[in-house]
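Q: Quick one: this structure, given as structure tokens, is what I'll be asking you about.
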Amino acid sequence: MKTLKLLKVFLPLLILSGIGYFLWQGLSLNPRIVPSVLLNEQTPEFNLPNLLHPGAKLGNKIFKGHVSLLNVWATWCAACINEYPLMINIAHTHKVKIYGLDYKDDRTKALVWIKKYGNAYAAIGFDETGETAINWGVYGTPETFVINKNGVIKYKQIGEVTPEVWKHTLLPLIEKLEKEKNS
């Protein structure tokens with residue numbers, strides 16, 4: 001009888017302690033770090049119209065032979081506007097090609113956006129339905145992928161590329177990949 005009373009008191013406390021521990025552990029996780037099943041895999045195949053040249057198509061062959069970035073953006077994305085001056089700076093001061101993936105957007109608005117803010121991209125795929133972005137595992141905008149010379153995804157940045165992310169994460173990785181013969 002005494003054991004049953006102790007069990008009734010301590011069992012709920014033990015369960016509550018276990019739940020509290022897992023919640024506490026969850027608070028220490030970085031929400032920007034979402035593992036991607038595509039890391040160290042070839043870029044997904046796609047065939048999209050080029051935003052600036054609708055008759056031309058873009059596919060994953062654009063990534064072969066050089067280290068590059070794929071920046072997923074949209075005109076309706078406030079964080080994309082925040083990071084865009086840095087993308088322009090990267091495009092003009094570094095030797096890495098940046099490709100854009102315009103995600104679930106209006107083509108006319110995207111063209112106005114590029115005219116207003118400038119063009120940081122070597123080419124821009126227009127993903128009106130979002131199907132290509134889904135195949136890349138995109139959760140939202142902005143997201144930026146680092147792709148090696150062989151067209152393999154080496155890193156995925158979820159959220160805005162800040163000067164700190166560029167300096168401490170993306171640039172060192174790009175420089176490392178550039179030095180590799182078969183990165």
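Starting from 1 in every chain, residues are counted up; chains themselves are A, B, ... following the order of the structure tokens, and ligands are numbered from 1 as listed.
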Quick one: residues within 7 Å of segment 165-177 of chain A, only C-alpha atoms counted, chain neighbours fewer than 3 positions away excluded, as a list in words?
A: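 Returned residues: Val67, Asn148, Val161, Thr162, Glu180 and Ser183 of chain A.
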Q: So that I can check the surroundings of Trp76 of chain A, please list as number ranges by chain every protein, DNA and RNA residue that reaches within 12 Å of it, counting only C-alpha atoms and ignoring chain neighbours fewer than 3 positions away.
A: A: 73, 79-82, 102-107, 109-110, 113, 140-142
Q: I need the residues of segment 37-136 of chain A that end up classed as helix (DSSP H, G or I) by DSSP on the backbone, written out as number ranges by chain.
A: A: 60-63, 78-93, 107-117, 131-135
Q: Based on the backbone DSSP call, show me all residues of segment 30-107 of chain A assigned strand (DSSP E), as a list of chain:residue names.
A: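 Residues of segment 30-107 of chain A classed as strand (DSSP E): A:Asn47, A:Leu48, A:Pro49, A:Lys57, A:Leu58, A:Gly59, A:Ser68, A:Leu69, A:Leu70, A:Asn71, A:Val72, A:Trp73, A:Lys97, A:Ile98, A:Tyr99, A:Gly100, A:Leu101, A:Asp102, A:Tyr103.
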Q: For Pro54 of chain A, which residue out of A:Phe126, A:Phe145, A:Trp136, A:Tyr155 is the nearest one, using only C-alpha atoms?
A: A:Phe126
Q: Considering only C-alpha atoms, can you say which of A:Leu111, A:Ala120, A:Ala78, A:Leu58 comes closest to Ala91 of chain A?
A: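 Smallest distance to Ala91 of chain A is found for A:Ala120.
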Q: At most 12 Å is the cut-off: for each residue in segment 69-123 of chain A with any atom that close to an atom of segment 36-47 of chain A, write down the nearest atom pair and the distance in Å rounded to one decimal, counting only C-alpha atoms, chain first then increasing number, as CSV.
A:
```
residue,atom,partner,partner_atom,distance
A:Leu69,CA,A:Thr43,CA,11.6
A:Leu70,CA,A:Thr43,CA,10.3
A:Leu101,CA,A:Phe46,CA,11.1
```
Q: Report, in Å with one decimal, the straight-line distance from atom CA of Lys181 of chain A to atom CA of Asn150 of chain A.
A: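 One can read the atom CA of Lys181 of chain A to atom CA of Asn150 of chain A distance as 9.9 Å.
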Q: Which one of A:Ser68, A:Lys61, A:His94, A:Ala74 sits closest to Lys154 of chain A if you count only C-alpha atoms?
A: A:Ser68
Q: Rounded to one decimal in Å, what is the spacing between atom CA of Asn60 of chain A and atom CA of Lys116 of chain A?
A: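 Here the two named atoms are 27.5 Å from each other.
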